[in-house]
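As provided, upload.tsv (TSV, C-alpha atoms) reads as follows.
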```
chain	number	residue	atom	x	y	z
A	1	MET	CA	7.63	-10.93	0.13
A	2	SER	CA	5.28	-13.84	0.74
A	3	ILE	CA	2.17	-13.57	2.90
A	4	ASP	CA	3.81	-15.86	5.49
A	5	ALA	CA	7.01	-13.80	5.61
A	6	PHE	CA	4.98	-10.59	5.97
A	7	ALA	CA	2.87	-12.20	8.73
A	8	GLN	CA	5.98	-13.25	10.64
A	9	ARG	CA	7.50	-9.79	10.25
A	10	VAL	CA	4.39	-8.07	11.67
A	11	ARG	CA	4.15	-10.56	14.54
A	12	ARG	CA	7.87	-10.08	15.39
A	13	LEU	CA	7.61	-6.30	15.28
A	14	ARG	CA	4.48	-6.30	17.48
A	15	ALA	CA	6.17	-8.58	20.00
A	16	GLY	CA	9.34	-6.50	19.83
A	17	VAL	CA	7.53	-3.35	20.90
A	18	GLY	CA	5.53	-5.27	23.53
A	19	LEU	CA	2.05	-4.73	22.16
A	20	THR	CA	-0.94	-7.05	22.41
A	21	LEU	CA	-3.25	-7.46	19.42
A	22	LYS	CA	-5.76	-5.25	21.22
A	23	GLU	CA	-3.20	-2.50	21.80
A	24	LEU	CA	-2.01	-2.61	18.18
A	25	SER	CA	-5.65	-2.50	17.06
A	26	GLN	CA	-6.23	0.65	19.11
A	27	ARG	CA	-3.05	2.29	17.80
A	28	SER	CA	-3.54	1.37	14.15
A	29	GLY	CA	-7.32	1.38	13.73
A	30	VAL	CA	-7.16	-2.15	12.27
A	31	SER	CA	-9.61	-4.55	13.94
A	32	ILE	CA	-8.29	-7.31	16.20
A	33	SER	CA	-9.73	-10.00	13.91
A	34	ALA	CA	-8.04	-8.42	10.86
A	35	LEU	CA	-4.73	-8.22	12.76
A	36	SER	CA	-5.03	-11.87	13.74
A	37	ASN	CA	-5.73	-12.85	10.12
A	38	ILE	CA	-2.74	-10.80	8.94
A	39	GLU	CA	-0.39	-12.24	11.57
A	40	ASN	CA	-1.52	-15.78	10.75
A	41	GLY	CA	-1.01	-15.30	7.02
A	42	LYS	CA	-4.71	-15.75	6.23
A	43	VAL	CA	-5.07	-12.45	4.37
A	44	SER	CA	-2.82	-10.15	2.42
A	45	PRO	CA	-3.42	-6.62	3.76
A	46	THR	CA	-4.12	-3.69	1.48
A	47	TYR	CA	-1.55	-0.92	1.20
A	48	GLU	CA	-3.76	1.24	3.43
A	49	ARG	CA	-3.69	-1.40	6.16
A	50	ILE	CA	0.06	-1.80	5.78
A	51	VAL	CA	0.48	1.93	6.40
A	52	ALA	CA	-1.91	1.74	9.37
A	53	LEU	CA	0.10	-1.18	10.83
A	54	ALA	CA	3.34	0.75	10.42
A	55	ARG	CA	1.79	3.74	12.17
A	56	GLY	CA	0.50	1.55	15.00
A	57	LEU	CA	3.88	-0.15	15.42
A	58	GLY	CA	5.68	3.20	15.33
A	59	VAL	CA	7.82	2.22	12.35
A	60	ASP	CA	8.21	3.30	8.77
A	61	VAL	CA	6.44	1.23	6.12
A	62	GLY	CA	9.82	-0.02	4.91
A	63	TYR	CA	10.41	-1.85	8.22
A	64	LEU	CA	7.47	-4.13	7.43
A	65	PHE	CA	9.24	-5.37	4.31
A	66	LYS	CA	12.93	-5.46	5.19
A	67	ASP	CA	14.90	-6.96	8.07
A	68	GLU	CA	17.93	-4.91	7.18
A	69	ILE	CA	19.01	-1.86	9.13
A	70	ALA	CA	17.84	1.40	7.60
A	71	LEU	CA	20.32	3.45	5.66
A	72	PRO	CA	21.33	6.83	7.09
A	73	ARG	CA	19.19	9.88	6.20
A	74	SER	CA	21.70	11.00	3.53
A	75	ARG	CA	21.26	8.09	1.25
A	76	ARG	CA	20.30	6.66	-2.08
A	77	SER	CA	18.60	3.48	-3.15
A	78	VAL	CA	18.63	1.59	-6.41
A	79	THR	CA	15.93	-0.92	-7.29
A	80	LEU	CA	16.79	-2.98	-10.34
A	81	LYS	CA	14.00	-4.09	-12.66
A	82	GLY	CA	11.93	-6.80	-10.98
A	83	GLN	CA	13.89	-6.54	-7.70
A	84	GLY	CA	11.40	-4.52	-5.63
A	85	VAL	CA	9.52	-6.03	-2.70
A	86	LEU	CA	6.28	-7.61	-3.95
A	87	HIS	CA	2.99	-7.45	-2.09
A	88	LYS	CA	-0.30	-8.77	-3.49
A	89	THR	CA	-3.86	-7.77	-2.66
A	90	PRO	CA	-7.07	-8.66	-4.51
A	91	GLN	CA	-7.03	-5.23	-6.21
A	92	TYR	CA	-3.33	-4.69	-6.86
A	93	ILE	CA	0.11	-6.23	-7.07
A	94	TYR	CA	2.54	-3.73	-5.56
A	95	GLU	CA	6.27	-3.71	-6.11
A	96	ALA	CA	7.73	-1.43	-3.45
A	97	LEU	CA	10.65	0.51	-4.92
A	98	SER	CA	13.51	1.68	-2.69
A	99	ALA	CA	12.04	-0.41	0.14
A	100	ASP	CA	15.43	-0.48	1.86
A	101	ILE	CA	15.07	3.19	2.77
A	102	THR	CA	12.90	3.94	5.75
A	103	GLU	CA	11.50	7.26	6.96
A	104	LYS	CA	10.74	8.40	3.41
A	105	ASP	CA	8.49	11.36	2.71
A	106	PHE	CA	6.73	9.38	-0.02
A	107	VAL	CA	6.36	5.76	-1.04
A	108	PRO	CA	7.13	4.84	-4.68
A	109	LEU	CA	5.37	1.77	-6.02
A	110	LEU	CA	5.18	-0.03	-9.33
A	111	ALA	CA	1.65	-1.39	-9.31
A	112	THR	CA	-0.35	-3.75	-11.46
A	113	LEU	CA	-4.06	-2.99	-11.22
A	114	LYS	CA	-6.19	-6.15	-11.17
A	115	ALA	CA	-9.75	-5.04	-10.29
A	116	LYS	CA	-11.90	-4.32	-13.35
A	117	THR	CA	-15.13	-3.06	-11.71
A	118	LEU	CA	-16.13	-1.10	-8.62
A	119	LYS	CA	-18.02	-4.17	-7.39
A	120	GLU	CA	-14.83	-6.22	-7.67
A	121	PHE	CA	-12.78	-3.43	-6.03
A	122	GLY	CA	-15.03	-2.87	-3.03
A	123	PRO	CA	-15.71	0.42	-1.23
A	124	LEU	CA	-13.74	3.54	-2.13
A	125	ILE	CA	-10.58	3.99	-0.04
A	126	ARG	CA	-9.99	7.16	2.01
A	127	HIS	CA	-6.92	8.15	4.02
A	128	GLU	CA	-4.72	11.13	4.76
A	129	GLY	CA	-2.06	12.19	2.30
A	130	GLU	CA	-1.70	12.69	-1.43
A	131	GLU	CA	-1.15	10.36	-4.37
A	132	PHE	CA	0.25	10.57	-7.87
A	133	MET	CA	-0.22	7.95	-10.56
A	134	TYR	CA	1.48	7.73	-13.97
A	135	VAL	CA	0.13	5.09	-16.35
A	136	LEU	CA	2.85	2.94	-17.91
A	137	GLU	CA	0.70	0.32	-19.67
A	138	GLY	CA	-2.99	-0.33	-20.21
A	139	GLU	CA	-6.01	1.73	-19.34
A	140	VAL	CA	-6.91	2.97	-15.85
A	141	THR	CA	-10.20	4.44	-14.68
A	142	ILE	CA	-10.00	6.42	-11.45
A	143	HIS	CA	-13.22	6.82	-9.47
A	144	THR	CA	-13.26	9.52	-6.78
A	145	ASP	CA	-15.70	11.39	-4.61
A	146	HIS	CA	-16.64	14.79	-6.05
A	147	TYR	CA	-15.47	14.09	-9.63
A	148	SER	CA	-16.66	12.05	-12.58
A	149	PRO	CA	-14.54	8.96	-13.29
A	150	VAL	CA	-11.53	9.68	-15.49
A	151	THR	CA	-9.90	7.20	-17.85
A	152	LEU	CA	-6.12	7.38	-18.36
A	153	ARG	CA	-3.88	5.61	-20.84
A	154	ALA	CA	-0.11	5.14	-21.12
A	155	GLY	CA	1.61	8.50	-20.58
A	156	ASP	CA	-1.34	10.04	-18.68
A	157	SER	CA	-1.20	10.92	-14.99
A	158	CYS	CA	-3.41	11.99	-12.09
A	159	TYR	CA	-2.73	13.62	-8.71
A	160	TRP	CA	-5.33	13.56	-5.94
A	161	ASP	CA	-6.01	14.21	-2.29
A	162	SER	CA	-6.17	10.77	-0.66
A	163	SER	CA	-8.84	11.84	1.85
A	164	MET	CA	-11.24	11.87	-1.09
A	165	GLY	CA	-12.66	8.37	-1.63
A	166	HIS	CA	-10.89	6.70	-4.55
A	167	ALA	CA	-10.60	3.45	-6.48
A	168	CYS	CA	-8.25	2.74	-9.38
A	169	LEU	CA	-9.42	0.12	-11.89
A	170	SER	CA	-7.84	-1.57	-14.87
A	171	THR	CA	-10.43	-1.02	-17.57
A	172	GLY	CA	-8.51	-2.02	-20.70
A	173	LYS	CA	-8.03	-5.46	-22.22
A	174	GLY	CA	-5.44	-6.62	-19.68
A	175	ASP	CA	-4.07	-5.49	-16.35
A	176	ALA	CA	-2.75	-1.93	-16.19
A	177	GLN	CA	0.69	-1.06	-14.83
A	178	VAL	CA	1.36	2.28	-13.13
A	179	LEU	CA	4.00	4.18	-11.24
A	180	TRP	CA	2.22	5.14	-8.03
A	181	ILE	CA	3.62	7.58	-5.51
A	182	SER	CA	1.91	8.13	-2.16
A	183	SER	CA	2.85	10.37	0.69
A	184	ASP	CA	3.63	8.35	3.81
A	185	VAL	CA	0.20	8.56	5.34
A	186	GLU	CA	-1.91	7.79	8.36
A	187	ILE	CA	-4.92	5.66	7.52
A	188	ASP	CA	-8.45	5.61	8.88
A	189	ASP	CA	-9.18	1.87	8.63
A	190	GLN	CA	-12.39	1.43	6.68
A	191	GLU	CA	-12.14	-2.20	5.68
```
Reformat the file's structure so that it appears as structure tokens.
Amino acid sequence: MSIDAFAQRVRRLRAGVGLTLKELSQRSGVSISALSNIENGKVSPTYERIVALARGLGVDVGYLFKDEIALPRSRRSVTLKGQGVLHKTPQYIYEALSADITEKDFVPLLATLKAKTLKEFGPLIRHEGEEFMYVLEGEVTIHTDHYSPVTLRAGDSCYWDSSMGHACLSTGKGDAQVLWISSDVEIDDQE
């Protein structure tokens, strides 16, 4: 999904539920200026902000990516290789898997990690929920509060409490690719 398509989708959803930028800011914890930049396609929001927007709009994360009607609760979803919904941030390229299903208990993502250093990444991210990462390609270094950084390679995995500050970096020769699973979370906007 392009930045412009995402921006239009957020703007339509906000208007559809009758919220002003200020009201959505209060509900989501995302600043009014950040919301304006997102709705005008000036920035590509991080996954954490996407989750915060969904929470503020009262919708599942999947609604921000798909115009289609959600499948019933008894359901299945197939995402063919390369057919997930793409979303790019400075740190990651996310491919949302099974994006056509809303009201999921967790969010599966195929992610390419771009940031190589903590300086490039920015401040550690903190939010409610839990995360699991399985390295498919490359080398990943995970920085967290309370623990020394850990470096993972293809076949390695890590599970962590998302309320602990964290940053995932690609520290090998190229970008790293991971299967990333996050619980559907509420975010404290820190950006």
> Nearest to Ser157 of chain A among A:Tyr134, A:Leu179, A:Ala34, A:Thr141, with distances taken over all atoms listed in the file: which residue is it?
Replying inline: A:Tyr134
> Phe65 of chain A: which residues within 9 Å, counting only C-alpha atoms, same-chain residues fewer than 4 positions away excluded, as an NGL selection string?
Replying inline: :A and (1 or 5-6 or 9 or 61 or 85 or 96 or 99-100)
>> Calculated over all atoms listed in the file, which of the candidates A:Ile125, A:Met133, A:Ile32, A:Ile101 has the smallest distance to Arg76 of chain A?
In response: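 When distances to Arg76 of chain A are compared using all atoms listed in the file, the smallest one comes from A:Ile101.
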>> Quick one: residues within 7 Å of Ser162 of chain A, only C-alpha atoms, excluding same-chain residues fewer than 6 positions away - as a list in words?
In response: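 Surrounding residues, per the criterion: Arg126, His127, Glu128, Gly129, Glu130 and Glu131 of chain A.
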Save the residues we just selected, C-alpha atoms, as a tab-separated table (two decimals), in the frame of the given file?
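Below is the file that was written, out_5.tsv:
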```
chain	number	residue	atom	x	y	z
A	126	ARG	CA	-9.99	7.16	2.01
A	127	HIS	CA	-6.92	8.15	4.02
A	128	GLU	CA	-4.72	11.13	4.76
A	129	GLY	CA	-2.06	12.19	2.30
A	130	GLU	CA	-1.70	12.69	-1.43
A	131	GLU	CA	-1.15	10.36	-4.37
```
> Smallest atom-to-atom distance to Leu53 of chain A: which of A:Ile181, A:Ala7, A:Leu86, A:Leu113, using only C-alpha atoms?
Replying inline: A:Ala7
>> Quick check, in Å to one decimal: how far apart do atom CA of Pro108 of chain A and atom CA of Phe132 of chain A lie?
In response: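 Between atom CA of Pro108 of chain A and atom CA of Phe132 of chain A the gap works out to 9.5 Å.
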>> Report, in Å with one decimal, the straight-line distance from atom CA of Val30 of chain A to atom CA of Pro45 of chain A.
In response: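 These atoms are spaced 10.3 Å apart.
The two atoms in question, atom CA of Asp60 of chain A and atom CA of Val107 of chain A, are spaced 10.3 Å apart.
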>> Restricting the calculation to only C-alpha atoms: of A:Lys42, A:His87, A:Lys116, A:His146, which residue gets closest to Ala176 of chain A?
In response: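 So, comparing all the options, the nearest one is A:Lys116.
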> Given the choices A:Tyr47, A:Thr171, A:Gly56, A:Arg11, which gets closest to Glu23 of chain A if the distance is worked out from only C-alpha atoms?
Replying inline: A:Gly56
> Got a sec to check which residues sit within 10 Å of (-14.5, -2.9, -1.7), counting all atoms listed in the file, and write them as number ranges by chain?
Replying inline: A: 90-91, 118-125, 167, 190-191
File dump, residues just selected, C-alpha atoms, as a PDB file, in the frame of the given file:
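Saved to result-v2.pdb:
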```
ATOM      1  CA  PRO A  90      -7.070  -8.660  -4.510  1.00  0.00           C
ATOM      2  CA  GLN A  91      -7.030  -5.230  -6.210  1.00  0.00           C
ATOM      3  CA  LEU A 118     -16.130  -1.100  -8.620  1.00  0.00           C
ATOM      4  CA  LYS A 119     -18.020  -4.170  -7.390  1.00  0.00           C
ATOM      5  CA  GLU A 120     -14.830  -6.220  -7.670  1.00  0.00           C
ATOM      6  CA  PHE A 121     -12.780  -3.430  -6.030  1.00  0.00           C
ATOM      7  CA  GLY A 122     -15.030  -2.870  -3.030  1.00  0.00           C
ATOM      8  CA  PRO A 123     -15.710   0.420  -1.230  1.00  0.00           C
ATOM      9  CA  LEU A 124     -13.740   3.540  -2.130  1.00  0.00           C
ATOM     10  CA  ILE A 125     -10.580   3.990  -0.040  1.00  0.00           C
ATOM     11  CA  ALA A 167     -10.600   3.450  -6.480  1.00  0.00           C
ATOM     12  CA  GLN A 190     -12.390   1.430   6.680  1.00  0.00           C
ATOM     13  CA  GLU A 191     -12.140  -2.200   5.680  1.00  0.00           C
TER      14      GLU A 191
END
```
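Counting all atoms listed in the file, the residue from A:Asp105, A:Glu95, A:Glu139, A:Asp145 that sits nearest to Trp180 of chain A is A:Glu95.
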Who sits within 12 Å of Leu24 of chain A, only C-alpha atoms, same chain under 2 positions skipped, as a PDB file with C-alpha atoms, keeping the file's coordinate frame:
```pdb
ATOM      1  CA  VAL A  10       4.390  -8.070  11.670  1.00  0.00           C
ATOM      2  CA  ARG A  11       4.150 -10.560  14.540  1.00  0.00           C
ATOM      3  CA  LEU A  13       7.610  -6.300  15.280  1.00  0.00           C
ATOM      4  CA  ARG A  14       4.480  -6.300  17.480  1.00  0.00           C
ATOM      5  CA  ALA A  15       6.170  -8.580  20.000  1.00  0.00           C
ATOM      6  CA  VAL A  17       7.530  -3.350  20.900  1.00  0.00           C
ATOM      7  CA  GLY A  18       5.530  -5.270  23.530  1.00  0.00           C
ATOM      8  CA  LEU A  19       2.050  -4.730  22.160  1.00  0.00           C
ATOM      9  CA  THR A  20      -0.940  -7.050  22.410  1.00  0.00           C
ATOM     10  CA  LEU A  21      -3.250  -7.460  19.420  1.00  0.00           C
ATOM     11  CA  LYS A  22      -5.760  -5.250  21.220  1.00  0.00           C
ATOM     12  CA  GLN A  26      -6.230   0.650  19.110  1.00  0.00           C
ATOM     13  CA  ARG A  27      -3.050   2.290  17.800  1.00  0.00           C
ATOM     14  CA  SER A  28      -3.540   1.370  14.150  1.00  0.00           C
ATOM     15  CA  GLY A  29      -7.320   1.380  13.730  1.00  0.00           C
ATOM     16  CA  VAL A  30      -7.160  -2.150  12.270  1.00  0.00           C
ATOM     17  CA  SER A  31      -9.610  -4.550  13.940  1.00  0.00           C
ATOM     18  CA  ILE A  32      -8.290  -7.310  16.200  1.00  0.00           C
ATOM     19  CA  SER A  33      -9.730 -10.000  13.910  1.00  0.00           C
ATOM     20  CA  ALA A  34      -8.040  -8.420  10.860  1.00  0.00           C
ATOM     21  CA  LEU A  35      -4.730  -8.220  12.760  1.00  0.00           C
ATOM     22  CA  SER A  36      -5.030 -11.870  13.740  1.00  0.00           C
ATOM     23  CA  GLU A  39      -0.390 -12.240  11.570  1.00  0.00           C
ATOM     24  CA  ALA A  52      -1.910   1.740   9.370  1.00  0.00           C
ATOM     25  CA  LEU A  53       0.100  -1.180  10.830  1.00  0.00           C
ATOM     26  CA  ALA A  54       3.340   0.750  10.420  1.00  0.00           C
ATOM     27  CA  ARG A  55       1.790   3.740  12.170  1.00  0.00           C
ATOM     28  CA  GLY A  56       0.500   1.550  15.000  1.00  0.00           C
ATOM     29  CA  LEU A  57       3.880  -0.150  15.420  1.00  0.00           C
ATOM     30  CA  GLY A  58       5.680   3.200  15.330  1.00  0.00           C
TER      31      GLY A  58
END
```
The centre and edge lengths of an axis-aligned box containing all atoms of segment 136-140 of chain A present in the file, extended by 6 Å on each side, are to be given in Å to one decimal, as JSON.
```
{"center_x": -2.0, "center_y": 1.3, "center_z": -18.0, "size_x": 21.8, "size_y": 15.3, "size_z": 16.4}
```
> Near Gly138 of chain A, within 7 Å and counting all atoms listed in the file, which residues show up once chain neighbours fewer than 5 positions away are dropped, as number ranges by chain?
Replying inline: A: 153-154, 172, 174-177
Since the input lacks atoms, please generate N, CA and C atoms for segment 6-21 of chain A and provide them as a tab-separated table (two decimals), in the coordinates of the input.
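Done, and the output landed in out_3.tsv:
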```tsv
chain	number	residue	atom	x	y	z
A	6	PHE	N	5.54	-11.86	5.49
A	6	PHE	CA	4.98	-10.59	5.97
A	6	PHE	C	4.31	-10.80	7.33
A	7	ALA	N	3.55	-11.90	7.47
A	7	ALA	CA	2.87	-12.20	8.73
A	7	ALA	C	3.87	-12.34	9.86
A	8	GLN	N	4.95	-13.06	9.62
A	8	GLN	CA	5.98	-13.25	10.64
A	8	GLN	C	6.63	-11.92	11.02
A	9	ARG	N	6.86	-11.09	10.00
A	9	ARG	CA	7.50	-9.79	10.25
A	9	ARG	C	6.61	-8.93	11.14
A	10	VAL	N	5.32	-8.88	10.86
A	10	VAL	CA	4.39	-8.07	11.67
A	10	VAL	C	4.33	-8.62	13.09
A	11	ARG	N	4.22	-9.93	13.22
A	11	ARG	CA	4.15	-10.56	14.54
A	11	ARG	C	5.41	-10.26	15.35
A	12	ARG	N	6.60	-10.37	14.70
A	12	ARG	CA	7.87	-10.08	15.39
A	12	ARG	C	7.95	-8.63	15.82
A	13	LEU	N	7.56	-7.72	14.93
A	13	LEU	CA	7.61	-6.30	15.28
A	13	LEU	C	6.66	-5.98	16.43
A	14	ARG	N	5.45	-6.55	16.40
A	14	ARG	CA	4.48	-6.30	17.48
A	14	ARG	C	5.04	-6.80	18.80
A	15	ALA	N	5.59	-8.03	18.79
A	15	ALA	CA	6.17	-8.58	20.00
A	15	ALA	C	7.37	-7.76	20.46
A	16	GLY	N	8.15	-7.28	19.51
A	16	GLY	CA	9.34	-6.50	19.83
A	16	GLY	C	9.04	-5.19	20.53
A	17	VAL	N	7.89	-4.60	20.23
A	17	VAL	CA	7.53	-3.35	20.90
A	17	VAL	C	6.58	-3.60	22.07
A	18	GLY	N	6.31	-4.90	22.35
A	18	GLY	CA	5.53	-5.27	23.53
A	18	GLY	C	4.06	-4.94	23.47
A	19	LEU	N	3.46	-5.04	22.29
A	19	LEU	CA	2.05	-4.73	22.16
A	19	LEU	C	1.21	-6.00	22.04
A	20	THR	N	0.03	-5.98	22.64
A	20	THR	CA	-0.94	-7.05	22.41
A	20	THR	C	-1.68	-6.74	21.12
A	21	LEU	N	-2.42	-7.71	20.61
A	21	LEU	CA	-3.25	-7.46	19.42
A	21	LEU	C	-4.22	-6.32	19.69
```
